[in-house]
>>> print(open('my_file.txt').read())   # compact mmCIF, C-alpha atoms
# COMPACT_ATOMS: atom_id res chain seq x y z
CA MET A 195 -15.95 18.10 -26.38
CA ALA A 196 -18.34 16.35 -24.04
CA ASP A 197 -16.65 14.26 -21.37
CA LEU A 198 -18.56 11.15 -22.43
CA GLU A 199 -16.86 11.32 -25.83
CA ARG A 200 -13.42 11.88 -24.31
CA SER A 201 -11.18 8.83 -24.00
CA GLN A 202 -9.19 8.00 -20.91
CA ASN A 203 -5.99 8.83 -22.80
CA GLN A 204 -7.32 12.31 -23.53
CA ALA A 205 -8.23 12.72 -19.85
CA ILE A 206 -4.66 11.74 -18.93
CA ILE A 207 -3.19 14.27 -21.36
CA ILE A 208 -5.51 17.00 -20.03
CA GLY A 209 -4.47 16.10 -16.49
CA LEU A 210 -0.75 16.18 -17.26
CA LYS A 211 -1.19 19.58 -18.94
CA CYS A 212 -2.86 20.89 -15.74
CA ARG A 213 -6.02 21.94 -17.57
CA CYS A 214 -9.69 22.07 -16.59
CA PRO A 215 -11.12 18.55 -16.54
CA SER A 216 -14.38 19.75 -18.09
CA CYS A 217 -13.27 21.75 -21.13
CA GLY A 218 -9.61 20.70 -21.30
CA LYS A 219 -8.48 24.24 -22.08
CA GLY A 220 -8.73 26.45 -18.98
CA ARG A 221 -5.96 26.55 -16.39
CA LEU A 222 -6.61 24.34 -13.35
CA TYR A 223 -4.36 26.11 -10.86
CA ASP A 224 -4.33 29.56 -9.38
CA GLY A 225 -0.84 29.49 -7.88
CA LEU A 226 1.49 26.58 -7.24
CA LEU A 227 -1.02 24.00 -5.94
CA SER A 228 -4.23 25.99 -5.36
CA VAL A 229 -7.07 24.77 -7.56
CA ARG A 230 -9.09 27.63 -9.04
CA SER A 231 -12.65 28.10 -7.85
CA ASN A 232 -14.03 28.17 -11.43
CA CYS A 233 -12.61 27.49 -14.87
CA GLU A 234 -11.72 30.76 -16.58
CA LEU A 235 -13.05 29.53 -19.94
CA CYS A 236 -16.05 27.26 -19.35
CA GLY A 237 -17.02 28.37 -15.83
CA PHE A 238 -16.94 24.80 -14.45
CA ASP A 239 -17.06 24.75 -10.64
CA LEU A 240 -13.67 23.42 -9.56
CA LYS A 241 -14.23 23.97 -5.82
CA LYS A 242 -15.58 20.44 -5.39
CA GLU A 243 -12.64 18.86 -7.25
CA ASP A 244 -10.16 17.42 -4.74
CA SER A 245 -7.27 15.08 -5.33
CA GLY A 246 -6.75 14.35 -1.64
CA ASP A 247 -3.41 12.90 -0.54
CA GLY A 248 -3.20 10.28 -3.29
CA PRO A 249 -0.74 12.08 -5.57
CA ALA A 250 1.58 13.03 -2.69
CA SER A 251 1.54 9.48 -1.31
CA PHE A 252 2.32 8.02 -4.73
CA LEU A 253 5.16 10.48 -5.26
CA ILE A 254 6.66 9.69 -1.85
CA PHE A 255 6.99 6.03 -2.84
CA PHE A 256 8.05 6.70 -6.45
CA ILE A 257 10.65 9.41 -5.72
CA GLY A 258 11.86 7.56 -2.62
CA ALA A 259 12.50 4.36 -4.56
CA LEU A 260 14.12 6.26 -7.43
CA VAL A 261 16.47 8.21 -5.14
CA VAL A 262 17.44 5.12 -3.12
CA ILE A 263 18.33 3.24 -6.33
CA LEU A 264 20.31 6.21 -7.65
CA ALA A 265 22.06 6.66 -4.30
CA PHE A 266 23.12 2.99 -4.31
CA ILE A 267 24.47 3.34 -7.85
CA VAL A 268 26.39 6.54 -7.00
CA ASP A 269 27.72 4.94 -3.81
CA ALA A 270 28.87 1.81 -5.64
CA LYS A 271 30.63 3.74 -8.41
CA PHE A 272 32.12 6.70 -6.54
CA ALA A 273 31.88 5.91 -2.77
CA PRO A 274 31.25 9.53 -1.68
CA PRO A 275 31.05 10.37 2.04
CA LEU A 276 27.61 10.45 3.67
CA TRP A 277 27.55 14.23 3.95
CA LEU A 278 27.94 14.46 0.16
CA HIS A 279 24.99 12.09 -0.30
CA ALA A 280 22.90 14.47 1.81
CA ILE A 281 24.01 17.45 -0.26
CA ILE A 282 23.27 15.63 -3.52
CA TRP A 283 19.97 13.91 -2.76
CA ALA A 284 18.11 16.49 -0.66
CA PRO A 285 17.84 18.98 -3.55
CA VAL A 286 17.06 16.18 -6.01
CA ILE A 287 14.16 15.04 -3.82
CA ALA A 288 12.88 18.61 -3.40
CA VAL A 289 13.06 19.44 -7.11
CA LEU A 290 11.43 16.18 -8.21
CA THR A 291 8.65 16.57 -5.65
CA ILE A 292 7.86 20.15 -6.63
CA ALA A 293 8.09 19.37 -10.35
CA LEU A 294 5.89 16.25 -10.22
CA LEU A 295 3.29 17.13 -7.56
CA ARG A 296 1.41 19.64 -9.70
CA PRO A 297 0.83 17.33 -12.72
CA ALA A 298 0.17 14.34 -10.44
CA LYS A 299 -2.53 16.24 -8.55
CA SER A 300 -4.01 17.50 -11.82
CA LEU A 301 -3.96 13.99 -13.29
CA MET A 302 -5.88 12.66 -10.28
CA ILE A 303 -8.51 15.41 -10.63
CA SER A 304 -8.86 14.79 -14.37
CA LEU A 305 -9.27 11.03 -13.95
CA GLN A 306 -11.78 11.48 -11.12
CA PHE A 307 -13.80 13.78 -13.37
CA HIS A 308 -13.52 11.39 -16.33
CA HIS A 309 -14.73 8.42 -14.28
CA GLN A 310 -17.34 10.54 -12.48
CA ALA A 311 -15.87 9.63 -9.09
CA THR A 312 -17.63 11.71 -6.46
CA GLN A 313 -17.77 11.52 -2.71
CA SER A 314 -21.22 10.89 -1.34
CA SER A 315 -22.16 13.32 1.42
CA GLU A 316 -25.22 11.28 2.35
CA ILE A 317 -23.63 8.16 3.82
CA ASP A 318 -25.82 6.31 6.31
CA TYR A 319 -23.46 5.22 9.08
CA ASP A 320 -26.25 3.76 11.24
CA SER A 321 -27.08 0.81 9.02
>>> encode(input="my_file.txt", output="structure tokens")
Amino acid sequence: MADLERSQNQAIIIGLKCRCPSCGKGRLYDGLLSVRSNCELCGFDLKKEDSGDGPASFLIFFIGALVVILAFIVDAKFAPPLWLHAIIWAPVIAVLTIALLRPAKSLMISLQFHHQATQSSEIDYDS
């Protein structure tokens, strides 16, 4: 399917499945967070695809807010000691971050590809 025919919803689904943004079928990652150099199915050059720090920054705010709200609820209902909060929430934060970072990064790459967002290497800083 050509990318011009693909809807934004399809691009989101492809991103959340961690698939190649070009063909939608090949695996995007070669390891936990390492983007492959080329798609194994269509040969699309994935080296230039970069999500930057956007997904990680978003997840910091999202997971941070979620954990703070949950910690307040747990504290109000059960009043555990602070050391127990640390034991509970540190693994929750780690698991949520690891589980969500991969699809968030893939989603960013897929949406950048869908909207043809590229970085210009020929910026004239003198003007």
>>> residues_around(input="my_file.txt", residues="segment 272-283 of chain A", least_positions_apart="6", cutoff="10 Å", atoms="all atoms listed in the file", output="PDB file with C-alpha atoms, in the coordinates of the input")
ATOM      1  CA  VAL A 261      16.470   8.210  -5.140  1.00  0.00           C
ATOM      2  CA  VAL A 262      17.440   5.120  -3.120  1.00  0.00           C
ATOM      3  CA  LEU A 264      20.310   6.210  -7.650  1.00  0.00           C
ATOM      4  CA  ALA A 265      22.060   6.660  -4.300  1.00  0.00           C
ATOM      5  CA  PHE A 266      23.120   2.990  -4.310  1.00  0.00           C
ATOM      6  CA  VAL A 289      13.060  19.440  -7.110  1.00  0.00           C
TER       7      VAL A 289
END
>>> residues_around(input="my_file.txt", residues="segment 216-231 of chain A", least_positions_apart="5", cutoff="10 Å", atoms="only C-alpha atoms", output="ChimeraX atom specification")
/A:195-197,204-205,207-209,211,236-245,292,295-297,299-300,303-304,307-308
>>> write_last_selection(input="my_file.txt", atoms="C-alpha atoms", output="PDB file, in the coordinates of the input")
ATOM      1  CA  MET A 195     -15.950  18.100 -26.380  1.00  0.00           C
ATOM      2  CA  ALA A 196     -18.340  16.350 -24.040  1.00  0.00           C
ATOM      3  CA  ASP A 197     -16.650  14.260 -21.370  1.00  0.00           C
ATOM      4  CA  GLN A 204      -7.320  12.310 -23.530  1.00  0.00           C
ATOM      5  CA  ALA A 205      -8.230  12.720 -19.850  1.00  0.00           C
ATOM      6  CA  ILE A 207      -3.190  14.270 -21.360  1.00  0.00           C
ATOM      7  CA  ILE A 208      -5.510  17.000 -20.030  1.00  0.00           C
ATOM      8  CA  GLY A 209      -4.470  16.100 -16.490  1.00  0.00           C
ATOM      9  CA  LYS A 211      -1.190  19.580 -18.940  1.00  0.00           C
ATOM     10  CA  CYS A 236     -16.050  27.260 -19.350  1.00  0.00           C
ATOM     11  CA  GLY A 237     -17.020  28.370 -15.830  1.00  0.00           C
ATOM     12  CA  PHE A 238     -16.940  24.800 -14.450  1.00  0.00           C
ATOM     13  CA  ASP A 239     -17.060  24.750 -10.640  1.00  0.00           C
ATOM     14  CA  LEU A 240     -13.670  23.420  -9.560  1.00  0.00           C
ATOM     15  CA  LYS A 241     -14.230  23.970  -5.820  1.00  0.00           C
ATOM     16  CA  LYS A 242     -15.580  20.440  -5.390  1.00  0.00           C
ATOM     17  CA  GLU A 243     -12.640  18.860  -7.250  1.00  0.00           C
ATOM     18  CA  ASP A 244     -10.160  17.420  -4.740  1.00  0.00           C
ATOM     19  CA  SER A 245      -7.270  15.080  -5.330  1.00  0.00           C
ATOM     20  CA  ILE A 292       7.860  20.150  -6.630  1.00  0.00           C
ATOM     21  CA  LEU A 295       3.290  17.130  -7.560  1.00  0.00           C
ATOM     22  CA  ARG A 296       1.410  19.640  -9.700  1.00  0.00           C
ATOM     23  CA  PRO A 297       0.830  17.330 -12.720  1.00  0.00           C
ATOM     24  CA  LYS A 299      -2.530  16.240  -8.550  1.00  0.00           C
ATOM     25  CA  SER A 300      -4.010  17.500 -11.820  1.00  0.00           C
ATOM     26  CA  ILE A 303      -8.510  15.410 -10.630  1.00  0.00           C
ATOM     27  CA  SER A 304      -8.860  14.790 -14.370  1.00  0.00           C
ATOM     28  CA  PHE A 307     -13.800  13.780 -13.370  1.00  0.00           C
ATOM     29  CA  HIS A 308     -13.520  11.390 -16.330  1.00  0.00           C
TER      30      HIS A 308
END
>>> atom_distance(input="my_file.txt", atom1="atom CA of Ile206 of chain A", atom2="atom CA of Gly258 of chain A")
23.6 Å
>>> atom_distance(input="my_file.txt", atom1="atom CA of Cys212 of chain A", atom2="atom CA of Leu301 of chain A")
7.4 Å
>>> atom_distance(input="my_file.txt", atom1="atom CA of Gly248 of chain A", atom2="atom CA of Asn203 of chain A")
19.8 Å
>>> decode(input="my_file.txt", residues="segment 252-265 of chain A", atoms="all heavy atoms", output="mmCIF file, in the first residue's frame")
data_model
loop_
_atom_site.group_PDB
_atom_site.id
_atom_site.type_symbol
_atom_site.label_atom_id
_atom_site.label_comp_id
_atom_site.auth_asym_id
_atom_site.auth_seq_id
_atom_site.Cartn_x
_atom_site.Cartn_y
_atom_site.Cartn_z
ATOM 1 N N PHE A 252 7.674 12.476 26.521
ATOM 2 C CA PHE A 252 6.234 12.293 26.730
ATOM 3 C C PHE A 252 5.976 11.253 27.807
ATOM 4 O O PHE A 252 5.141 11.450 28.689
ATOM 5 C CB PHE A 252 5.558 11.889 25.418
ATOM 6 C CG PHE A 252 4.115 11.550 25.580
ATOM 7 C CD1 PHE A 252 3.171 12.543 25.759
ATOM 8 C CD2 PHE A 252 3.698 10.228 25.582
ATOM 9 C CE1 PHE A 252 1.828 12.232 25.926
ATOM 10 C CE2 PHE A 252 2.369 9.907 25.741
ATOM 11 C CZ PHE A 252 1.429 10.901 25.919
ATOM 12 N N LEU A 253 6.703 10.138 27.744
ATOM 13 C CA LEU A 253 6.498 9.073 28.728
ATOM 14 C C LEU A 253 6.889 9.505 30.132
ATOM 15 O O LEU A 253 6.265 9.071 31.111
ATOM 16 C CB LEU A 253 7.268 7.820 28.328
ATOM 17 C CG LEU A 253 6.665 7.030 27.176
ATOM 18 C CD1 LEU A 253 7.550 5.848 26.827
ATOM 19 C CD2 LEU A 253 5.263 6.572 27.489
ATOM 20 N N ILE A 254 7.915 10.339 30.265
ATOM 21 C CA ILE A 254 8.295 10.840 31.584
ATOM 22 C C ILE A 254 7.116 11.576 32.221
ATOM 23 O O ILE A 254 6.776 11.349 33.380
ATOM 24 C CB ILE A 254 9.521 11.771 31.492
ATOM 25 C CG1 ILE A 254 10.781 10.958 31.214
ATOM 26 C CG2 ILE A 254 9.685 12.590 32.769
ATOM 27 C CD1 ILE A 254 11.994 11.799 30.861
ATOM 28 N N PHE A 255 6.471 12.444 31.459
ATOM 29 C CA PHE A 255 5.336 13.201 31.987
ATOM 30 C C PHE A 255 4.124 12.295 32.227
ATOM 31 O O PHE A 255 3.452 12.388 33.251
ATOM 32 C CB PHE A 255 4.956 14.349 31.057
ATOM 33 C CG PHE A 255 5.955 15.455 31.062
ATOM 34 C CD1 PHE A 255 6.682 15.754 29.928
ATOM 35 C CD2 PHE A 255 6.192 16.206 32.203
ATOM 36 C CE1 PHE A 255 7.620 16.769 29.925
ATOM 37 C CE2 PHE A 255 7.123 17.230 32.222
ATOM 38 C CZ PHE A 255 7.836 17.506 31.077
ATOM 39 N N PHE A 256 3.822 11.425 31.279
ATOM 40 C CA PHE A 256 2.652 10.554 31.380
ATOM 41 C C PHE A 256 2.792 9.571 32.539
ATOM 42 O O PHE A 256 1.914 9.476 33.392
ATOM 43 C CB PHE A 256 2.441 9.804 30.055
ATOM 44 C CG PHE A 256 1.331 8.812 30.106
ATOM 45 C CD1 PHE A 256 0.012 9.228 30.102
ATOM 46 C CD2 PHE A 256 1.596 7.451 30.167
ATOM 47 C CE1 PHE A 256 -1.023 8.310 30.163
ATOM 48 C CE2 PHE A 256 0.573 6.522 30.221
ATOM 49 C CZ PHE A 256 -0.740 6.959 30.219
ATOM 50 N N ILE A 257 3.893 8.828 32.581
ATOM 51 C CA ILE A 257 4.091 7.834 33.640
ATOM 52 C C ILE A 257 4.267 8.525 34.990
ATOM 53 O O ILE A 257 3.748 8.050 36.006
ATOM 54 C CB ILE A 257 5.287 6.919 33.309
ATOM 55 C CG1 ILE A 257 4.953 6.064 32.086
ATOM 56 C CG2 ILE A 257 5.661 6.046 34.496
ATOM 57 C CD1 ILE A 257 6.112 5.264 31.553
ATOM 58 N N GLY A 258 4.961 9.657 35.010
ATOM 59 C CA GLY A 258 5.124 10.400 36.257
ATOM 60 C C GLY A 258 3.792 10.828 36.839
ATOM 61 O O GLY A 258 3.535 10.636 38.035
ATOM 62 N N ALA A 259 2.924 11.392 36.012
ATOM 63 C CA ALA A 259 1.605 11.824 36.489
ATOM 64 C C ALA A 259 0.778 10.628 36.943
ATOM 65 O O ALA A 259 0.122 10.673 37.996
ATOM 66 C CB ALA A 259 0.877 12.583 35.382
ATOM 67 N N LEU A 260 0.810 9.551 36.175
ATOM 68 C CA LEU A 260 0.047 8.358 36.523
ATOM 69 C C LEU A 260 0.505 7.778 37.865
ATOM 70 O O LEU A 260 -0.322 7.465 38.736
ATOM 71 C CB LEU A 260 0.192 7.304 35.418
ATOM 72 C CG LEU A 260 -0.520 5.981 35.658
ATOM 73 C CD1 LEU A 260 -2.022 6.180 35.638
ATOM 74 C CD2 LEU A 260 -0.091 4.967 34.614
ATOM 75 N N VAL A 261 1.804 7.666 38.054
ATOM 76 C CA VAL A 261 2.334 7.080 39.295
ATOM 77 C C VAL A 261 2.063 7.995 40.493
ATOM 78 O O VAL A 261 1.729 7.512 41.582
ATOM 79 C CB VAL A 261 3.834 6.753 39.147
ATOM 80 C CG1 VAL A 261 4.469 6.428 40.488
ATOM 81 C CG2 VAL A 261 4.013 5.584 38.192
ATOM 82 N N VAL A 262 2.165 9.286 40.317
ATOM 83 C CA VAL A 262 1.870 10.208 41.427
ATOM 84 C C VAL A 262 0.405 10.084 41.842
ATOM 85 O O VAL A 262 0.092 10.006 43.038
ATOM 86 C CB VAL A 262 2.225 11.663 41.045
ATOM 87 C CG1 VAL A 262 1.627 12.654 42.022
ATOM 88 C CG2 VAL A 262 3.731 11.833 40.981
ATOM 89 N N ILE A 263 -0.496 10.027 40.869
ATOM 90 C CA ILE A 263 -1.928 9.878 41.187
ATOM 91 C C ILE A 263 -2.177 8.555 41.901
ATOM 92 O O ILE A 263 -2.872 8.503 42.928
ATOM 93 C CB ILE A 263 -2.780 9.995 39.900
ATOM 94 C CG1 ILE A 263 -2.731 11.430 39.371
ATOM 95 C CG2 ILE A 263 -4.219 9.561 40.159
ATOM 96 C CD1 ILE A 263 -3.285 11.600 37.978
ATOM 97 N N LEU A 264 -1.596 7.474 41.375
ATOM 98 C CA LEU A 264 -1.768 6.166 42.014
ATOM 99 C C LEU A 264 -1.152 6.138 43.414
ATOM 100 O O LEU A 264 -1.724 5.539 44.343
ATOM 101 C CB LEU A 264 -1.169 5.067 41.140
ATOM 102 C CG LEU A 264 -1.904 4.785 39.830
ATOM 103 C CD1 LEU A 264 -1.127 3.779 39.000
ATOM 104 C CD2 LEU A 264 -3.324 4.313 40.089
ATOM 105 N N ALA A 265 -0.001 6.779 43.583
ATOM 106 C CA ALA A 265 0.638 6.818 44.906
ATOM 107 C C ALA A 265 -0.229 7.576 45.911
ATOM 108 O O ALA A 265 -0.338 7.171 47.076
ATOM 109 C CB ALA A 265 2.023 7.451 44.803
#
